[in-house]
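Visitor: Here you go, model15.txt (compact mmCIF, C-alpha atoms):
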```txt
# COMPACT_ATOMS: atom_id res chain seq x y z
CA MET A 35 99.98 135.37 15.29
CA TRP A 36 101.75 132.35 13.81
CA LEU A 37 104.62 132.88 16.23
CA LEU A 38 102.13 133.17 19.09
CA ALA A 39 100.36 129.97 18.01
CA ALA A 40 103.68 128.12 17.80
CA THR A 41 104.64 129.33 21.27
CA VAL A 42 101.31 128.25 22.78
CA LEU A 43 101.68 124.87 21.04
CA VAL A 44 105.10 124.38 22.63
CA VAL A 45 103.66 125.33 26.03
CA GLY A 46 100.90 122.74 25.54
CA VAL A 47 103.44 120.04 24.63
CA LEU A 48 105.55 120.88 27.68
CA THR A 49 102.44 120.73 29.87
CA GLY A 50 101.59 117.28 28.52
CA LEU A 51 105.16 116.08 29.05
CA THR A 52 105.89 117.53 32.47
CA GLY A 53 102.62 118.82 33.98
CA VAL A 54 104.22 122.27 34.20
CA GLY A 55 104.00 125.07 31.67
CA GLY A 56 100.38 126.19 31.40
CA ILE A 57 101.04 129.26 33.52
CA LEU A 58 103.43 130.49 30.80
CA VAL A 59 100.43 131.11 28.52
CA ILE A 60 99.72 134.36 30.38
CA PRO A 61 103.06 136.14 29.71
CA VAL A 62 102.92 134.81 26.13
CA LEU A 63 99.52 136.47 25.59
CA ARG A 64 100.76 139.59 27.31
CA SER A 65 103.87 140.04 25.18
CA ALA A 66 102.99 138.42 21.84
CA ALA A 67 99.25 139.16 21.56
CA GLY A 68 99.43 142.63 23.04
CA LEU A 69 96.69 142.00 25.60
CA SER A 70 96.55 143.97 28.83
CA VAL A 71 97.57 142.21 32.03
CA GLN A 72 93.95 141.70 33.13
CA ALA A 73 92.84 140.54 29.67
CA ALA A 74 95.74 138.09 29.33
CA MET A 75 94.99 136.59 32.75
CA ALA A 76 91.24 136.33 32.13
CA THR A 77 91.68 134.91 28.62
CA ALA A 78 94.18 132.28 29.74
CA LEU A 79 91.99 131.29 32.69
CA CYS A 80 88.99 130.76 30.40
CA SER A 81 91.04 128.54 28.08
CA PHE A 82 92.16 126.44 31.06
CA PHE A 83 88.55 125.32 31.57
CA PHE A 84 88.55 123.39 28.30
CA VAL A 85 92.12 122.12 28.69
CA GLY A 86 91.29 121.01 32.24
CA ALA A 87 88.10 119.31 31.09
CA VAL A 88 90.07 117.21 28.60
CA ALA A 89 92.60 116.33 31.30
CA VAL A 90 89.80 115.30 33.72
CA TRP A 91 88.21 113.16 31.01
CA LEU A 92 91.51 111.41 30.35
CA GLN A 93 92.09 110.89 34.08
CA GLN A 94 88.56 109.57 34.58
CA ARG A 95 88.99 107.07 31.75
CA ARG A 96 91.93 105.68 33.71
CA GLN A 97 89.82 105.80 36.93
CA ALA A 98 92.60 107.90 38.48
CA ILE A 99 90.33 110.46 40.20
CA ASP A 100 89.36 110.00 43.83
CA TRP A 101 86.27 112.21 44.00
CA ALA A 102 86.05 112.18 47.81
CA PRO A 103 88.96 114.63 48.25
CA ALA A 104 88.59 116.25 44.81
CA LEU A 105 85.03 117.54 45.35
CA PRO A 106 85.61 119.66 48.51
CA LEU A 107 88.83 120.96 46.95
CA ALA A 108 87.04 122.01 43.76
CA ALA A 109 83.91 123.34 45.52
CA SER A 110 85.87 125.68 47.80
CA ALA A 111 88.00 126.83 44.87
CA ALA A 112 84.84 127.53 42.86
CA VAL A 113 83.62 129.87 45.60
CA ALA A 114 86.95 131.66 46.04
CA SER A 115 87.96 132.11 42.39
CA PRO A 116 85.29 134.75 41.53
CA LEU A 117 86.48 136.76 44.53
CA GLY A 118 89.97 136.65 43.08
CA ALA A 119 88.60 137.72 39.69
CA VAL A 120 86.91 140.75 41.29
CA ALA A 121 90.15 141.65 43.06
CA ASN A 122 91.94 141.36 39.71
CA ALA A 123 89.73 144.07 38.22
CA TYR A 124 90.67 146.58 40.93
CA ALA A 125 94.28 145.61 41.69
CA PRO A 126 97.16 147.75 40.34
CA VAL A 127 98.76 146.32 37.21
CA ALA A 128 102.22 146.26 38.80
CA LEU A 129 100.89 144.24 41.75
CA LEU A 130 99.21 141.71 39.45
CA GLN A 131 102.40 141.39 37.42
CA LEU A 132 104.42 140.85 40.59
CA VAL A 133 102.06 138.21 42.03
CA LEU A 134 101.93 136.35 38.71
CA SER A 135 105.71 136.45 38.38
CA LEU A 136 106.11 135.07 41.90
CA LEU A 137 103.72 132.23 41.02
CA ILE A 138 105.78 131.47 37.91
CA VAL A 139 108.93 131.39 40.06
CA PHE A 140 107.10 129.08 42.49
CA ALA A 141 106.14 126.81 39.57
CA GLY A 142 109.72 126.68 38.36
CA THR A 143 111.09 126.00 41.84
CA SER A 144 108.53 123.22 42.43
CA ALA A 145 109.48 121.59 39.13
CA LEU A 146 113.20 121.89 39.81
CA PHE A 147 112.94 120.72 43.42
CA PRO A 148 109.77 118.60 43.68
CA PRO A 149 108.40 118.60 47.23
CA LYS A 150 108.88 115.42 49.20
CA ALA A 151 105.83 113.83 50.73
CA GLY A 152 105.45 115.37 54.15
CA ALA A 153 104.38 113.81 57.41
CA LEU A 154 102.04 116.63 58.42
CA LEU A 155 98.95 114.70 57.41
CA ARG A 156 98.02 111.05 57.32
CA PHE A 157 95.86 110.45 54.30
CA ASP A 158 92.33 109.71 55.48
CA PRO A 159 89.63 110.91 53.04
CA ALA A 160 86.83 110.14 55.50
CA SER A 161 88.10 112.37 58.30
CA ARG A 162 86.69 115.83 58.95
CA ARG A 163 90.20 117.21 59.38
CA HIS A 164 91.09 115.92 55.94
CA LYS A 165 88.06 117.60 54.35
CA ALA A 166 88.73 120.86 56.21
CA ILE A 167 92.30 120.91 54.87
CA MET A 168 91.02 120.30 51.35
CA VAL A 169 88.58 123.20 51.71
CA GLY A 170 91.39 125.43 53.00
CA ILE A 171 93.70 124.52 50.13
CA GLY A 172 90.93 125.01 47.59
CA SER A 173 90.00 128.43 48.98
CA VAL A 174 93.57 129.77 48.89
CA VAL A 175 94.37 128.30 45.48
CA GLY A 176 91.01 129.40 44.05
CA PHE A 177 91.49 133.01 45.12
CA PHE A 178 95.01 133.32 43.71
CA SER A 179 93.96 131.53 40.52
CA GLY A 180 91.12 133.99 39.99
CA LEU A 181 93.45 136.87 40.83
CA THR A 182 96.25 135.92 38.43
CA GLY A 183 94.65 133.64 35.82
CA ALA A 184 96.75 130.66 36.91
CA GLY A 185 95.03 127.33 36.40
CA GLY A 186 95.31 126.08 39.98
CA PRO A 187 97.30 122.81 39.86
CA VAL A 188 100.55 124.78 39.79
CA LEU A 189 99.75 125.74 43.39
CA SER A 190 97.59 122.89 44.68
CA ILE A 191 99.79 119.94 43.65
CA PRO A 192 103.02 121.02 45.45
CA ILE A 193 101.05 122.03 48.55
CA MET A 194 99.14 118.73 48.69
CA VAL A 195 102.25 116.60 48.12
CA ALA A 196 104.16 118.54 50.78
CA LEU A 197 101.32 117.91 53.23
CA GLY A 198 101.47 114.18 52.59
CA PHE A 199 98.81 113.53 49.95
CA PRO A 200 99.67 110.82 47.40
CA PRO A 201 101.19 112.44 44.26
CA LEU A 202 98.83 110.76 41.77
CA LEU A 203 95.79 111.76 43.83
CA SER A 204 97.13 115.34 44.03
CA ILE A 205 97.58 115.56 40.27
CA ALA A 206 94.10 114.20 39.50
CA ALA A 207 92.42 116.41 42.13
CA GLY A 208 94.33 119.39 40.75
CA GLN A 209 92.79 118.85 37.31
CA VAL A 210 89.28 118.81 38.80
CA LEU A 211 90.14 121.99 40.71
CA GLN A 212 91.33 123.60 37.47
CA VAL A 213 87.96 123.09 35.79
CA ALA A 214 86.08 124.61 38.76
CA VAL A 215 88.48 127.55 39.08
CA ALA A 216 88.44 128.35 35.38
CA ALA A 217 84.64 128.14 35.10
CA CYS A 218 83.79 130.26 38.14
CA GLY A 219 86.71 132.65 37.74
CA THR A 220 85.65 133.30 34.16
CA LEU A 221 82.12 134.10 35.32
CA GLY A 222 83.62 136.73 37.61
CA ASN A 223 85.73 138.14 34.78
CA LEU A 224 82.72 138.41 32.47
CA PHE A 225 81.31 141.23 34.61
CA TYR A 226 84.29 143.35 33.54
CA GLY A 227 84.41 142.29 29.89
CA VAL A 228 88.09 141.35 29.87
CA VAL A 229 87.85 137.88 28.29
CA ASP A 230 88.96 137.85 24.64
CA PHE A 231 86.82 134.96 23.35
CA PRO A 232 88.28 134.80 19.81
CA VAL A 233 91.72 134.33 21.36
CA VAL A 234 90.27 131.81 23.85
CA ALA A 235 88.90 129.73 20.98
CA TRP A 236 92.10 129.24 19.08
CA ILE A 237 94.58 129.04 21.96
CA THR A 238 92.37 126.36 23.54
CA VAL A 239 92.58 124.24 20.39
CA VAL A 240 96.34 124.77 20.17
CA GLN A 241 96.89 123.98 23.86
CA ILE A 242 94.83 120.78 23.69
CA LEU A 243 96.69 119.71 20.55
CA GLY A 244 100.00 120.32 22.29
CA LEU A 245 98.75 118.54 25.42
CA VAL A 246 97.84 115.41 23.44
CA VAL A 247 101.18 115.47 21.59
CA GLY A 248 103.04 115.86 24.88
CA ILE A 249 101.20 112.93 26.46
CA ARG A 250 102.02 110.72 23.47
CA LEU A 251 105.68 111.76 23.51
CA PHE A 252 106.01 111.15 27.24
CA PRO A 253 107.30 107.52 26.97
CA LEU A 254 109.94 108.59 24.42
CA VAL A 255 111.73 111.36 26.29
CA SER A 256 113.39 111.97 29.63
CA PRO A 257 110.79 113.74 31.81
CA GLN A 258 113.43 114.80 34.34
CA ARG A 259 115.45 116.71 31.75
CA LEU A 260 112.30 118.33 30.40
CA ARG A 261 111.16 119.33 33.87
CA ARG A 262 114.52 120.99 34.43
CA LEU A 263 114.17 122.80 31.11
CA VAL A 264 110.64 124.04 31.88
CA ALA A 265 111.70 124.96 35.41
CA SER A 266 114.58 127.03 34.06
CA ILE A 267 112.25 128.83 31.65
CA CYS A 268 109.77 129.53 34.46
CA LEU A 269 112.51 130.89 36.72
CA LEU A 270 113.85 133.18 33.99
CA VAL A 271 110.39 134.44 32.97
CA GLY A 272 109.33 134.87 36.59
CA ALA A 273 112.52 136.71 37.57
CA TYR A 274 112.18 139.05 34.59
CA GLY A 275 108.52 139.69 35.45
CA CYS A 276 109.37 140.47 39.07
CA LEU A 277 112.07 142.92 38.02
CA ARG A 278 109.76 144.58 35.51
CA ALA A 279 106.94 144.88 38.06
CA LEU A 280 109.23 146.37 40.70
CA LEU A 281 110.72 148.89 38.28
CA SER A 282 107.29 150.00 37.06
CA SER A 283 105.77 150.38 40.54
```
As structure tokens, how would this structure be written, given the file I've shared?

Guide:
Amino acid sequence: MWLLAATVLVVGVLTGLTGVGGILVIPVLRSAAGLSVQAAMATALCSFFFVGAVAVWLQQRRQAIDWAPALPLAASAAVASPLGAVANAYAPVALLQLVLSLLIVFAGTSALFPPKAGALLRFDPASRRHKAIMVGIGSVVGFFSGLTGAGGPVLSIPIMVALGFPPLLSIAAGQVLQVAVAACGTLGNLFYGVVDFPVVAWITVVQILGLVVGIRLFPLVSPQRLRRLVASICLLVGAYGCLRALLSS
């Protein structure tokens, strides 16, 4: 358990430093805590609610959240995430492992090759088209977050930046989305009793501690080198997970 706590702490620090890393909590719980795939996903997702709430609070103190785009994004994700949680309960373990591993590979690739701001969308928070796109992104990200236990920003931020949304707005909106996804996805998981609340309690504390440490260390280290390090870890973990899922199917 001490090794598991240390690993989760490192993941929290990396998340605070680079914004990437939270998704690695799931394979850590799977391998080190001995939880089933569904339990690891549900437990990690529940902990992301509290970690996300702290991140939203910190962002709001800096007045970095634009609630006009964040609210439709989070609302649609809140509706879709319980559907993903229900699908998680019935999906084959090998399929869940494969989807999660692909998301981890996507996270690593996005960190290694950050998407450039696209020209597909001109940022206009008052337009109906803009709100419809936010609802679409939230629905897709919410479903896959509920399905795999991923927090949400790992998917929403690269998609939004690639579409042309400002990076800082994308990051802040992604934190709001994470709170909505984790809360509603956890409600869906509660019907199947797969959330390990004792584990949630202590990994949440450890993640938040690591997050705060990472944020404080941010001015002292090279974020680009760290992002490459985290990206490499994600790619290795994701590739191993994909291979394991394919061999077991």

Visitor: Just checking: using all atoms listed in the file, which residue out of A:Pro253, A:Gly219, A:Gly118, A:Pro148 ends up closest to Val188 of chain A?

Guide: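 Closest to Val188 of chain A of all the choices is A:Pro148.
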
Visitor: Could you pull the residues within 9 Å of Leu38 of chain A, counting all atoms listed in the file, minus those fewer than 3 positions along the same chain, as JSON, numbers by chain?

Guide: {"A": [35, 41, 42, 43, 62, 63, 66, 67]}

Visitor: Which polymer residues, protein or nucleic acid, are no farther than 9 Å from (86.9, 129.5, 45.2), counting all atoms listed in the file, as number ranges by chain?

Guide: A: 107-118, 172-177, 179-180, 214-215, 218-219

Visitor: Kindly give the distance, in Å, that separates atom CA of Val229 of chain A and atom CA of Val120 of chain A, rounded to a single decimal.

Guide: 13.3 Å

Visitor: For Ile191 of chain A, which residue out of A:Ile249, A:Ala104, A:Gly227, A:Leu79 is the nearest one, using only C-alpha atoms?

Guide: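 Counting only C-alpha atoms, the residue closest to Ile191 of chain A is A:Ala104.
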
Visitor: When you draw a straight line from atom CA of Ala196 of chain A to atom CA of Ser144 of chain A, how long is it in Å?

Guide: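 Those two atoms sit 10.5 Å apart.
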
Visitor: Suppose you want the space between atom CA of Pro126 of chain A and atom CA of Ser70 of chain A; what is it in Å?

Guide: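 Atom CA of Pro126 of chain A sits 12.1 Å away from atom CA of Ser70 of chain A.
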
Visitor: Leaving out Ala74 of chain A and any residue of its chain fewer than 2 positions from it, which residues lie within 6 Å of it when counting all atoms listed in the file, given as a PyMOL selection string?

Guide: chain A and resi 60+63-64+69-72+76-77

Visitor: Go ahead and write the selection's residues with C-alpha atoms as a short mmCIF file (atom, residue, chain, number, x, y, z; two decimals), in the frame of the given file.

Guide:
```
data_model
loop_
_atom_site.label_atom_id
_atom_site.label_comp_id
_atom_site.auth_asym_id
_atom_site.auth_seq_id
_atom_site.Cartn_x
_atom_site.Cartn_y
_atom_site.Cartn_z
CA ILE A 60 99.72 134.36 30.38
CA LEU A 63 99.52 136.47 25.59
CA ARG A 64 100.76 139.59 27.31
CA LEU A 69 96.69 142.00 25.60
CA SER A 70 96.55 143.97 28.83
CA VAL A 71 97.57 142.21 32.03
CA GLN A 72 93.95 141.70 33.13
CA ALA A 76 91.24 136.33 32.13
CA THR A 77 91.68 134.91 28.62
#
```

Visitor: Restricting the calculation to all atoms listed in the file: of A:Gly208, A:Gly222, A:Pro200, A:Pro106, which residue gets closest to Pro187 of chain A?

Guide: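 Closest candidate: A:Gly208.
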
Visitor: Name the closest residue to Thr49 of chain A among the candidates A:Val85, A:Ala206, A:Val169, A:Val139; distances are taken between atoms, counting all atoms listed in the file.

Guide: A:Val85

Visitor: Take segment 171-196 of chain A, bring it up to N, CA, C and O atoms, and give me the output as a CSV table (one decimal), keeping the file's coordinate frame.

Guide:
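Final file, rebuild16.csv:
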```csv
chain,number,residue,atom,x,y,z
A,171,ILE,N,92.8,124.5,51.3
A,171,ILE,CA,93.7,124.5,50.1
A,171,ILE,C,92.9,125.1,48.9
A,171,ILE,O,93.4,125.9,48.2
A,172,GLY,N,91.7,124.6,48.7
A,172,GLY,CA,90.9,125.0,47.6
A,172,GLY,C,90.6,126.5,47.7
A,172,GLY,O,90.6,127.2,46.6
A,173,SER,N,90.3,127.0,48.8
A,173,SER,CA,90.0,128.4,49.0
A,173,SER,C,91.2,129.3,48.6
A,173,SER,O,91.1,130.3,47.9
A,174,VAL,N,92.4,129.0,49.2
A,174,VAL,CA,93.6,129.8,48.9
A,174,VAL,C,93.9,129.7,47.4
A,174,VAL,O,94.2,130.7,46.7
A,175,VAL,N,94.0,128.5,46.9
A,175,VAL,CA,94.4,128.3,45.5
A,175,VAL,C,93.3,128.9,44.6
A,175,VAL,O,93.7,129.6,43.6
A,176,GLY,N,92.1,128.8,44.9
A,176,GLY,CA,91.0,129.4,44.0
A,176,GLY,C,91.1,130.9,44.0
A,176,GLY,O,91.0,131.5,42.9
A,177,PHE,N,91.4,131.5,45.1
A,177,PHE,CA,91.5,133.0,45.1
A,177,PHE,C,92.7,133.5,44.3
A,177,PHE,O,92.5,134.4,43.4
A,178,PHE,N,93.8,132.9,44.5
A,178,PHE,CA,95.0,133.3,43.7
A,178,PHE,C,94.9,133.0,42.2
A,178,PHE,O,95.5,133.6,41.4
A,179,SER,N,94.2,131.9,41.9
A,179,SER,CA,94.0,131.5,40.5
A,179,SER,C,93.1,132.6,39.8
A,179,SER,O,93.3,133.0,38.7
A,180,GLY,N,92.0,132.9,40.5
A,180,GLY,CA,91.1,134.0,40.0
A,180,GLY,C,91.8,135.3,39.9
A,180,GLY,O,91.6,136.1,39.0
A,181,LEU,N,92.7,135.6,40.8
A,181,LEU,CA,93.4,136.9,40.8
A,181,LEU,C,94.5,137.0,39.7
A,181,LEU,O,94.6,138.0,39.1
A,182,THR,N,95.1,135.9,39.4
A,182,THR,CA,96.2,135.9,38.4
A,182,THR,C,96.0,135.2,37.1
A,182,THR,O,96.8,135.4,36.2
A,183,GLY,N,94.9,134.4,37.0
A,183,GLY,CA,94.6,133.6,35.8
A,183,GLY,C,95.4,132.3,35.8
A,183,GLY,O,95.3,131.6,34.8
A,184,ALA,N,96.1,132.0,36.8
A,184,ALA,CA,96.8,130.7,36.9
A,184,ALA,C,95.7,129.6,37.0
A,184,ALA,O,94.6,129.8,37.6
A,185,GLY,N,96.0,128.4,36.5
A,185,GLY,CA,95.0,127.3,36.4
A,185,GLY,C,94.7,126.7,37.7
A,185,GLY,O,93.6,126.2,37.9
A,186,GLY,N,95.6,126.7,38.7
A,186,GLY,CA,95.3,126.1,40.0
A,186,GLY,C,96.2,124.9,40.4
A,186,GLY,O,96.8,124.9,41.5
A,187,PRO,N,96.4,123.9,39.5
A,187,PRO,CA,97.3,122.8,39.9
A,187,PRO,C,98.7,123.2,40.2
A,187,PRO,O,99.4,122.6,40.9
A,188,VAL,N,99.2,124.3,39.5
A,188,VAL,CA,100.6,124.8,39.8
A,188,VAL,C,100.8,125.1,41.3
A,188,VAL,O,101.9,125.0,41.8
A,189,LEU,N,99.7,125.5,42.0
A,189,LEU,CA,99.8,125.7,43.4
A,189,LEU,C,99.3,124.5,44.2
A,189,LEU,O,100.0,124.2,45.2
A,190,SER,N,98.2,123.9,43.8
A,190,SER,CA,97.6,122.9,44.7
A,190,SER,C,98.4,121.6,44.8
A,190,SER,O,98.6,121.0,45.8
A,191,ILE,N,99.1,121.2,43.7
A,191,ILE,CA,99.8,119.9,43.6
A,191,ILE,C,101.0,120.0,44.6
A,191,ILE,O,101.2,119.1,45.4
A,192,PRO,N,101.9,121.0,44.5
A,192,PRO,CA,103.0,121.0,45.4
A,192,PRO,C,102.6,121.1,46.9
A,192,PRO,O,103.2,120.5,47.8
A,193,ILE,N,101.5,121.9,47.2
A,193,ILE,CA,101.0,122.0,48.6
A,193,ILE,C,100.5,120.7,49.1
A,193,ILE,O,100.8,120.3,50.2
A,194,MET,N,99.7,120.0,48.3
A,194,MET,CA,99.1,118.7,48.7
A,194,MET,C,100.2,117.7,48.9
A,194,MET,O,100.2,116.9,49.9
A,195,VAL,N,101.2,117.6,48.0
A,195,VAL,CA,102.2,116.6,48.1
A,195,VAL,C,103.1,116.9,49.4
A,195,VAL,O,103.4,116.0,50.1
A,196,ALA,N,103.4,118.2,49.6
A,196,ALA,CA,104.2,118.5,50.8
A,196,ALA,C,103.4,118.2,52.1
A,196,ALA,O,104.1,117.9,53.1
```
